[in-house]
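What follows is the content of work-v8.txt (compact mmCIF, C-alpha atoms).
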```
# COMPACT_ATOMS: atom_id res chain seq x y z
CA MET A 234 16.23 -38.08 39.11
CA SER A 235 15.81 -36.17 35.86
CA SER A 236 13.24 -33.48 35.28
CA ASP A 237 11.58 -35.48 32.49
CA GLU A 238 10.72 -38.18 34.95
CA GLN A 239 9.15 -35.67 37.29
CA ILE A 240 6.18 -35.28 34.92
CA ASN A 241 4.06 -38.31 34.62
CA ASP A 242 2.58 -39.49 31.35
CA ASN A 243 -0.90 -38.36 32.27
CA ASP A 244 0.26 -34.78 32.60
CA LEU A 245 2.18 -35.00 29.35
CA GLU A 246 -0.88 -36.38 27.62
CA LEU A 247 -2.86 -33.45 28.97
CA ILE A 248 -0.26 -31.08 27.57
CA SER A 249 -0.46 -32.81 24.20
CA SER A 250 -4.23 -32.61 24.18
CA SER A 251 -4.19 -28.97 25.25
CA LEU A 252 -2.18 -28.20 22.14
CA ASP A 253 -5.06 -29.61 20.08
CA GLN A 254 -7.66 -27.89 22.26
CA GLN A 255 -9.26 -31.24 22.96
CA LEU A 256 -9.43 -30.93 26.75
CA SER A 257 -12.49 -30.92 28.86
CA GLU A 258 -13.11 -28.07 31.27
CA PHE A 259 -11.93 -30.12 34.24
CA GLU A 260 -8.73 -31.21 32.50
CA ARG A 261 -7.97 -27.67 31.34
CA ARG A 262 -8.38 -26.27 34.86
CA ARG A 263 -6.17 -28.99 36.28
CA LEU A 264 -3.50 -28.36 33.70
CA ASN A 265 -3.48 -24.63 34.31
CA ASN A 266 -3.59 -24.78 38.09
CA ASN A 267 -1.34 -27.73 38.84
CA ILE A 268 1.12 -28.04 36.01
CA LEU A 269 1.74 -24.86 34.07
CA THR A 270 1.05 -22.04 36.55
CA ASN A 271 3.24 -23.41 39.31
CA LYS A 272 5.94 -21.27 37.81
CA THR A 273 4.50 -18.29 39.68
CA ASN A 274 5.46 -19.89 42.94
CA ASN A 275 9.07 -19.67 41.91
CA ALA A 276 9.19 -16.19 43.43
CA SER A 277 9.22 -17.57 46.96
CA LYS A 278 12.73 -18.94 47.02
CA SER A 279 12.62 -19.28 50.77
CA HIS A 280 10.55 -22.45 50.51
CA PRO A 281 12.68 -25.33 49.13
CA GLU A 282 9.64 -27.42 48.19
CA ASN A 283 8.67 -24.82 45.60
CA ASP A 284 11.88 -25.37 43.61
CA GLU A 285 10.77 -28.85 42.65
CA ILE A 286 7.39 -27.53 41.53
CA ALA A 287 9.04 -24.81 39.49
CA SER A 288 11.32 -27.26 37.69
CA VAL A 289 8.31 -29.40 36.85
CA SER A 290 6.47 -26.43 35.40
CA ASP A 291 9.51 -25.33 33.43
CA GLU A 292 9.85 -28.75 31.90
CA ALA A 293 6.13 -28.76 31.09
CA VAL A 294 6.44 -25.44 29.32
CA LYS A 295 9.45 -26.68 27.31
CA LYS A 296 7.51 -29.80 26.43
CA LEU A 297 4.64 -27.69 25.19
CA GLN A 298 7.03 -25.59 23.11
CA ARG A 299 8.58 -28.66 21.49
CA TYR A 300 5.17 -30.12 20.72
CA SER A 301 4.27 -26.81 19.10
CA LEU A 302 7.49 -26.92 17.09
CA ILE A 303 6.68 -30.41 15.84
CA SER A 304 3.24 -29.24 14.85
CA ALA A 305 4.66 -26.22 13.03
CA ILE A 306 7.19 -28.34 11.15
CA MET A 307 4.51 -30.75 10.03
CA LYS A 308 2.29 -27.88 8.88
CA LYS A 309 5.22 -26.23 7.05
CA GLU A 310 4.94 -23.09 9.16
CA CYS A 311 8.64 -22.69 9.82
CA GLY A 312 9.32 -20.34 6.96
CA ASP A 313 11.29 -20.80 3.81
CA SER A 314 13.99 -23.36 3.81
CA ILE A 315 17.36 -22.55 2.39
CA ASP A 316 18.17 -23.73 -1.09
CA ALA A 317 21.35 -25.75 -0.82
CA ASN A 318 21.57 -26.20 -4.61
CA PHE A 319 21.66 -22.48 -5.32
CA SER A 320 25.30 -22.43 -6.45
CA GLN A 321 24.76 -25.44 -8.68
CA ARG A 322 21.80 -23.77 -10.35
CA VAL A 323 23.82 -20.60 -10.93
CA MET A 324 26.64 -22.60 -12.53
CA GLN A 325 24.12 -24.43 -14.70
CA ALA A 326 22.62 -21.13 -15.86
CA ILE A 327 26.08 -19.75 -16.70
CA GLU A 328 26.92 -22.85 -18.71
CA ASN A 329 23.64 -22.66 -20.63
CA GLN A 330 24.25 -18.99 -21.39
CA SER A 331 27.78 -19.62 -22.69
CA VAL A 332 26.53 -22.43 -24.91
CA SER A 333 23.81 -20.22 -26.43
CA GLU A 334 26.34 -17.42 -27.09
CA GLU A 335 28.66 -19.86 -28.88
CA LEU A 336 25.76 -20.99 -31.06
CA ASP A 337 24.92 -17.38 -32.00
CA GLU A 338 28.54 -16.62 -32.95
CA ALA A 339 28.65 -19.74 -35.13
CA ASP A 340 25.52 -18.61 -36.99
CA ILE A 341 26.95 -15.16 -37.67
CA SER A 342 30.27 -16.50 -39.01
CA THR A 343 28.50 -18.94 -41.28
CA ILE A 344 26.36 -16.22 -42.79
CA SER A 345 29.27 -13.85 -43.34
CA PHE A 346 31.24 -16.42 -45.36
CA ASN A 347 28.30 -17.94 -47.15
CA SER A 348 25.35 -15.66 -47.71
CA TYR A 349 23.35 -18.41 -49.30
CA SER A 350 23.55 -20.69 -46.36
CA ARG A 351 20.69 -23.13 -46.12
CA GLN A 352 20.71 -23.58 -42.41
CA LYS A 353 17.29 -23.40 -40.84
CA GLY A 354 18.21 -21.49 -37.71
CA ASP A 355 19.72 -18.42 -39.40
CA ASN A 356 16.66 -16.84 -40.98
CA ARG A 357 16.86 -13.74 -38.87
CA SER A 358 20.56 -13.19 -39.57
CA LYS A 359 19.96 -13.72 -43.28
CA ARG A 360 17.23 -11.11 -43.28
CA THR A 361 19.49 -8.62 -41.54
CA TYR A 362 22.31 -9.29 -43.95
CA GLY A 363 20.01 -8.76 -46.99
CA MET A 364 18.66 -5.52 -45.56
CA LYS A 365 22.20 -4.25 -45.05
CA GLN A 366 23.06 -5.01 -48.67
CA VAL A 367 19.95 -3.21 -49.98
CA ALA A 368 20.58 -0.22 -47.74
CA GLY A 369 24.19 0.06 -48.91
CA LEU A 370 23.15 -0.11 -52.55
CA ALA A 371 20.48 2.56 -52.02
CA ILE A 372 22.95 4.87 -50.34
CA ALA A 373 25.46 4.45 -53.17
CA VAL A 374 22.82 5.17 -55.85
CA SER A 375 21.54 8.25 -54.02
CA VAL A 376 25.06 9.65 -53.59
CA ALA A 377 25.85 9.11 -57.27
CA THR A 378 22.59 10.76 -58.38
CA LEU A 379 23.10 13.70 -56.07
CA SER A 380 26.66 14.30 -57.28
CA PHE A 381 25.58 14.08 -60.94
CA LEU A 382 22.73 16.55 -60.44
CA SER A 383 24.88 18.97 -58.49
CA PHE A 384 27.53 18.90 -61.20
CA GLN A 385 24.91 19.63 -63.84
CA GLN A 386 23.50 22.49 -61.81
CA TYR A 387 26.94 23.93 -61.25
CA ALA A 388 27.73 23.81 -64.98
CA GLN A 389 24.47 25.56 -65.86
CA THR A 390 24.67 28.33 -63.28
CA ARG A 391 28.28 29.29 -63.96
CA PRO A 392 28.26 32.32 -66.31
CA ASP A 393 31.80 31.94 -67.57
CA SER A 394 31.68 28.27 -68.22
CA GLU A 395 32.74 26.84 -71.52
CA HIS A 396 29.30 25.51 -72.19
CA PHE A 397 27.82 28.93 -71.76
CA ILE A 398 30.42 30.58 -73.98
CA SER A 399 30.07 28.06 -76.70
CA SER A 400 26.32 28.38 -76.70
CA THR A 401 26.52 32.16 -76.95
CA GLN A 402 28.96 31.96 -79.79
CA THR A 403 27.08 29.46 -81.87
CA ASN A 404 23.49 30.69 -81.53
CA SER A 405 21.99 33.74 -83.12
CA TRP A 406 21.35 36.93 -81.17
CA GLU A 407 17.68 36.22 -80.57
CA SER A 408 18.37 32.74 -79.36
CA ARG A 409 21.05 34.07 -77.05
CA SER A 410 18.55 36.49 -75.62
CA ASP A 411 16.03 33.71 -75.04
CA SER A 412 18.60 31.48 -73.35
CA ALA A 413 19.54 34.32 -71.03
CA VAL A 414 15.91 34.78 -70.06
CA GLU A 415 15.52 31.10 -69.35
CA ARG A 416 18.69 31.01 -67.32
CA MET A 417 17.67 33.96 -65.20
CA ASN A 418 14.30 32.42 -64.59
CA LYS A 419 16.05 29.28 -63.44
CA ILE A 420 18.20 31.24 -61.05
CA SER A 421 15.30 33.11 -59.54
CA PRO A 422 12.02 31.48 -60.43
CA ARG A 423 10.08 33.76 -58.06
CA VAL A 424 11.02 36.86 -60.01
CA GLU A 425 9.75 37.18 -63.47
CA PHE A 426 12.55 38.25 -65.68
CA ALA A 427 11.66 41.19 -67.81
CA PRO A 428 13.54 40.91 -71.07
CA VAL A 429 15.16 43.84 -72.59
CA GLN A 430 12.96 45.29 -75.22
CA LEU A 431 14.97 45.02 -78.33
CA ASN A 432 12.26 46.39 -80.51
CA ALA A 433 12.59 49.98 -79.40
CA GLN A 434 12.03 52.32 -82.19
CA PRO A 435 14.59 55.06 -82.63
CA SER A 436 13.51 58.61 -82.99
CA ARG A 437 13.01 60.03 -86.32
CA ASN A 438 16.06 62.22 -86.04
CA THR A 439 18.55 61.92 -88.75
CA ILE A 440 20.76 59.03 -87.73
CA GLN A 441 22.53 56.89 -90.08
CA ASP A 442 21.21 53.33 -90.19
CA VAL A 443 24.59 51.65 -90.04
CA ARG A 444 25.74 53.48 -86.97
CA SER A 445 22.45 53.01 -85.18
CA HIS A 446 22.58 49.31 -85.76
CA ALA A 447 26.10 49.14 -84.39
CA LEU A 448 25.06 51.11 -81.30
CA ASP A 449 22.08 48.88 -80.77
CA HIS A 450 24.29 45.86 -80.83
CA GLU A 451 26.66 47.36 -78.31
CA ILE A 452 23.87 48.26 -75.89
CA GLU A 453 22.26 44.88 -76.16
CA ALA A 454 25.59 43.15 -75.66
CA TYR A 455 26.28 45.26 -72.55
CA ILE A 456 22.90 44.56 -71.03
CA TYR A 457 23.16 40.91 -71.82
CA ASN A 458 26.65 40.50 -70.43
CA HIS A 459 25.82 42.30 -67.22
CA SER A 460 22.47 40.61 -66.61
CA GLY A 461 24.29 37.44 -65.68
CA TYR A 462 25.70 38.98 -62.51
CA ALA A 463 22.31 39.79 -61.10
CA SER A 464 21.45 37.63 -58.15
CA GLY A 465 18.25 35.70 -57.88
CA ARG A 466 16.74 37.95 -55.23
CA ILE A 467 17.38 41.16 -57.10
CA VAL A 468 15.14 42.27 -59.87
CA SER A 469 17.00 42.29 -63.09
CA PRO A 470 17.47 45.61 -64.74
CA TYR A 471 14.65 46.67 -66.89
CA SER A 472 15.53 49.03 -69.59
CA GLU A 473 13.67 50.42 -72.45
CA ILE A 474 15.36 52.33 -75.20
CA THR A 475 13.26 55.28 -76.01
CA LYS A 476 15.68 57.61 -77.68
CA LEU A 477 19.04 57.49 -79.31
CA GLN A 478 21.24 60.46 -79.73
CA ASP A 479 24.18 60.87 -81.94
CA HIS A 480 27.17 62.43 -80.12
CA SER A 481 29.53 62.11 -82.95
CA ASP A 482 28.56 65.48 -84.32
CA MET B 230 0.27 0.14 48.69
CA SER B 231 1.81 -1.50 45.72
CA SER B 232 5.03 -3.26 46.35
CA GLY B 233 6.23 -3.29 42.72
CA LYS B 234 8.64 -0.66 41.55
CA ARG B 235 8.32 0.99 38.25
CA LYS B 236 10.94 -0.10 35.76
CA ALA B 237 13.43 2.50 34.76
CA LYS B 238 13.06 3.53 31.18
CA GLN B 239 15.82 2.26 29.00
CA GLN B 240 16.58 4.24 25.91
CA VAL B 241 17.46 2.18 22.87
CA ASP B 242 18.47 3.51 19.50
CA ILE B 243 16.08 2.45 16.78
CA ASP B 244 18.96 1.13 14.67
CA ASN B 245 20.00 -1.16 17.48
CA ALA B 246 16.48 -2.14 18.51
CA GLU B 247 16.73 -5.63 17.13
CA TYR B 248 19.77 -6.31 19.30
CA PHE B 249 17.87 -5.34 22.42
CA ASP B 250 17.41 -8.30 24.73
CA GLU B 251 13.66 -8.00 24.96
CA ALA B 252 13.06 -7.26 21.28
CA ILE B 253 12.96 -10.83 20.07
CA LEU B 254 10.23 -10.18 17.52
CA LEU B 255 12.28 -7.48 15.82
CA ARG B 256 15.10 -9.81 14.95
CA ASP B 257 15.41 -11.25 11.53
CA ARG B 258 15.13 -14.96 11.97
CA HIS B 259 15.59 -15.77 8.31
CA THR B 260 19.33 -15.99 8.62
CA PRO B 261 21.21 -18.70 6.76
CA GLU B 262 22.00 -20.45 10.03
CA HIS B 263 18.37 -20.44 11.10
CA MET B 264 17.22 -21.65 7.70
CA LEU B 265 19.73 -24.47 7.72
CA GLN B 266 18.70 -25.44 11.22
CA THR B 267 15.05 -25.42 10.21
CA GLU B 268 15.76 -27.58 7.21
CA GLU B 269 17.71 -30.03 9.34
CA LEU B 270 14.85 -30.15 11.82
CA GLU B 271 12.36 -30.82 9.07
CA VAL B 272 14.45 -33.64 7.68
CA LYS B 273 14.83 -35.24 11.09
CA VAL B 274 11.15 -34.87 11.99
CA PHE B 275 9.86 -36.37 8.77
CA GLU B 276 12.41 -39.14 9.01
CA ALA B 277 11.18 -39.89 12.51
CA ILE B 278 7.57 -39.80 11.34
CA SER B 279 8.32 -42.33 8.64
CA ASN B 280 9.83 -44.60 11.30
CA LEU B 281 6.79 -44.39 13.58
CA PRO B 282 4.45 -47.32 13.97
CA GLU B 283 1.57 -47.22 11.52
CA ASP B 284 -1.19 -46.49 14.03
CA LEU B 285 0.75 -43.59 15.60
CA LYS B 286 1.67 -42.23 12.20
CA ILE B 287 -1.94 -42.26 11.00
CA ALA B 288 -3.28 -40.61 14.11
CA LEU B 289 -0.64 -37.84 14.11
CA THR B 290 -0.89 -37.22 10.37
CA LEU B 291 -4.68 -36.94 10.44
CA ARG B 292 -4.44 -34.49 13.31
CA GLU B 293 -1.57 -32.26 12.15
CA MET B 294 -1.85 -32.35 8.40
CA ASP B 295 -5.55 -32.88 7.85
CA GLY B 296 -6.62 -30.89 10.93
CA MET B 297 -9.16 -33.46 12.02
CA SER B 298 -10.51 -33.47 15.56
CA TYR B 299 -10.00 -36.39 17.93
CA GLU B 300 -13.57 -37.43 17.40
CA ASP B 301 -13.25 -37.48 13.63
CA ILE B 302 -10.02 -39.42 13.87
CA ALA B 303 -11.66 -41.91 16.16
CA ASP B 304 -14.49 -42.35 13.67
CA THR B 305 -12.09 -42.70 10.80
CA VAL B 306 -9.74 -45.14 12.47
CA GLY B 307 -12.45 -46.94 14.39
CA CYS B 308 -11.13 -46.64 17.92
CA PRO B 309 -12.05 -44.71 21.10
CA ILE B 310 -11.13 -41.05 21.54
CA GLY B 311 -8.87 -41.92 24.48
CA THR B 312 -6.86 -44.22 22.25
CA VAL B 313 -6.51 -41.49 19.65
CA ARG B 314 -5.30 -39.07 22.30
CA SER B 315 -2.80 -41.62 23.58
CA ARG B 316 -1.52 -42.44 20.10
CA ILE B 317 -1.01 -38.78 19.28
CA PHE B 318 0.78 -38.23 22.56
CA ARG B 319 3.10 -41.21 22.01
CA ALA B 320 3.87 -40.07 18.50
CA ARG B 321 4.76 -36.60 19.76
CA GLU B 322 6.93 -38.07 22.45
CA ALA B 323 8.86 -40.08 19.87
CA LEU B 324 9.39 -36.97 17.76
CA ASP B 325 10.26 -34.92 20.85
CA LYS B 326 13.15 -37.23 21.65
CA VAL B 327 14.54 -36.60 18.16
CA ILE B 328 14.31 -32.81 18.13
CA LYS B 329 15.35 -32.40 21.75
CA THR B 330 18.88 -33.51 20.85
CA LEU B 331 19.00 -30.98 18.05
CA ILE B 332 17.65 -28.07 20.09
CA ASP B 333 19.65 -28.65 23.20
```
Conversion result in structure tokens:
Amino acid sequence: MSSDEQINDNDLELISSSLDQQLSEFERRRLNNNILTNKTNNASKSHPENDEIASVSDEAVKKLQRYSLISAIMKKECGDSIDANFSQRVMQAIENQSVSEELDEADISTISFNSYSRQKGDNRSKRTYGMKQVAGLAIAVSVATLSFLSFQQYAQTRPDSEHFISSTQTNSWESRSDSAVERMNKISPRVEFAPVQLNAQPSRNTIQDVRSHALDHEIEAYIYNHSGYASGRIVSPYSEITKLQDHSD
Amino acid sequence: MSSGKRKAKQQVDIDNAEYFDEAILLRDRHTPEHMLQTEELEVKVFEAISNLPEDLKIALTLREMDGMSYEDIADTVGCPIGTVRSRIFRAREALDKVIKTLID
């Protein structure tokens, strides 16, 4: 005789109704006292009649647990179920990703060989390509301008350059003096260049005019030639001819 | 005089607590095996429900899924409360025979 057959259908129906809390007070007391709580009598192993009662109560408890499991399954209370298609979804995602990467590479190659491509999907790549061209052109223009300006500056600031020598040889003395002033002001615009006063009046001592003129020219040439070595931060020499003496005597 | 003896304290490392015999609630039941078993149970139960007679299926579905009381089910179906209780019990018994083979 199996244990299932030891519980009659009325008791099982009471167990089923107790799960739904649809029992009357009498039925609930009967279920607790006669069916489920007989398990406590299992402690007295000396009485063989209690073993049968204990097996009945055990089976009733298992029945109640399985009814509860059925209820939980129907109410979706058994937790998350495993996703058996997980690997297939991963493979599908990998395939989609590889296809999109191949499409991107095809767009880039098309644009590099044909910059005027009329494909609709390559607007962004076209824009990037155009910006790269403009940026390269701007860099080339700026480098060329900078090199041209630096060469010009270098030619102007070099005192022994051919341009400088030719200009000093061709212009008159006054114009040479003016160009020297301008050049020094360019070198050091913060310092006002004080030109050499060429209009100094000699003393009224007896000096021959020819010799005084020659001496004046020598002094002016010396000052002019040495003023070019003055740096921009240093104040250029300021000289004023106040008196000329004749040492030839 | 109390006849019961006090249980000796058993020291369990916190890292091994879930493997302790009495610490059932600490165990992670969301293992792949458990999830597969649950899914199999669900498939079998719903398959069995679909194979139930119509009156048993309606009574059990209204009770478990809609949460209706026996009285409301009786009013809805148009039968006595005792009949509703019997139908629900017979439906559970049919499902119990299915899941008992899987559990045991």
If we count only C-alpha atoms, what is near Glu260 (chain A) at a cut-off of 9 Å, once residues fewer than 4 positions away on the same chain are taken out, given as an mmCIF file with C-alpha atoms, in the coordinates of the input?
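Below is the file that was written, result_30.cif:
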```cif
data_model
loop_
_atom_site.group_PDB
_atom_site.id
_atom_site.type_symbol
_atom_site.label_atom_id
_atom_site.label_comp_id
_atom_site.auth_asym_id
_atom_site.auth_seq_id
_atom_site.Cartn_x
_atom_site.Cartn_y
_atom_site.Cartn_z
ATOM 1 C CA LEU A 247 -2.860 -33.450 28.970
ATOM 2 C CA SER A 251 -4.190 -28.970 25.250
ATOM 3 C CA LEU A 256 -9.430 -30.930 26.750
ATOM 4 C CA LEU A 264 -3.500 -28.360 33.700
ATOM 5 C CA ASN A 265 -3.480 -24.630 34.310
#
```
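The space separating CA of Arg444 (chain A) from CA of Asp479 (chain A) comes to 9.1 Å.
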Listing only residues of chain B within 6 Å of chain A, what is the closest atom pair and its distance in Å (to one decimal) for each, using all atoms listed in the file, sorted by chain and residue number ascending, as a Markdown table?
```
| residue | atom | partner | partner_atom | distance |
| --- | --- | --- | --- | --- |
| B:Met264 | CA | A:Ser314 | CA | 5.3 |
| B:Glu268 | CA | A:Ser314 | CA | 5.7 |
| B:Phe318 | CA | A:Glu246 | CA | 5.6 |
```
For this session: Check the smallest atom-to-atom distance from each of B:Lys286, B:His263, B:Arg292, B:Lys273 to Lys326 (chain B) using all atoms listed in the file, then report the winner.
Result: B:Lys273
Problem set entry | Residue neighbourhood Ala288 (chain B), 9 Å, only C-alpha atoms, exclusion window fewer than 4 positions, as a list in words | Glu283, Asp284, Arg292, Glu293, Tyr299, Ile302, Ala303, Val306, Val313, Arg314, Arg316, Ile317 and Ala320 of chain B
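The coordinates place CA of Met297 (chain B) at 17.4 Å from CA of Ser257 (chain A).
Of the residues listed (B:Glu300, B:Ile328, B:Met294, B:Gly311), B:Ile328 shows the shortest atom-to-atom separation from Glu271 (chain B); distances use only C-alpha atoms.
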For this session: Tell me which of B:Thr305, B:Glu262, B:Ile332, B:Val272 sits closest to Ile287 (chain B), counting all atoms listed in the file.
Result: B:Thr305
Problem set entry | Selection: 7 Å around Leu269 (chain A), all atoms listed in the file, excl. self and same-chain fewer than 5 positions, as a PyMOL selection string | chain A and resi 264+290+293-294
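The gap separating CA of Leu285 (chain B) from CA of Arg319 (chain B) is 7.2 Å, in Å to one decimal.
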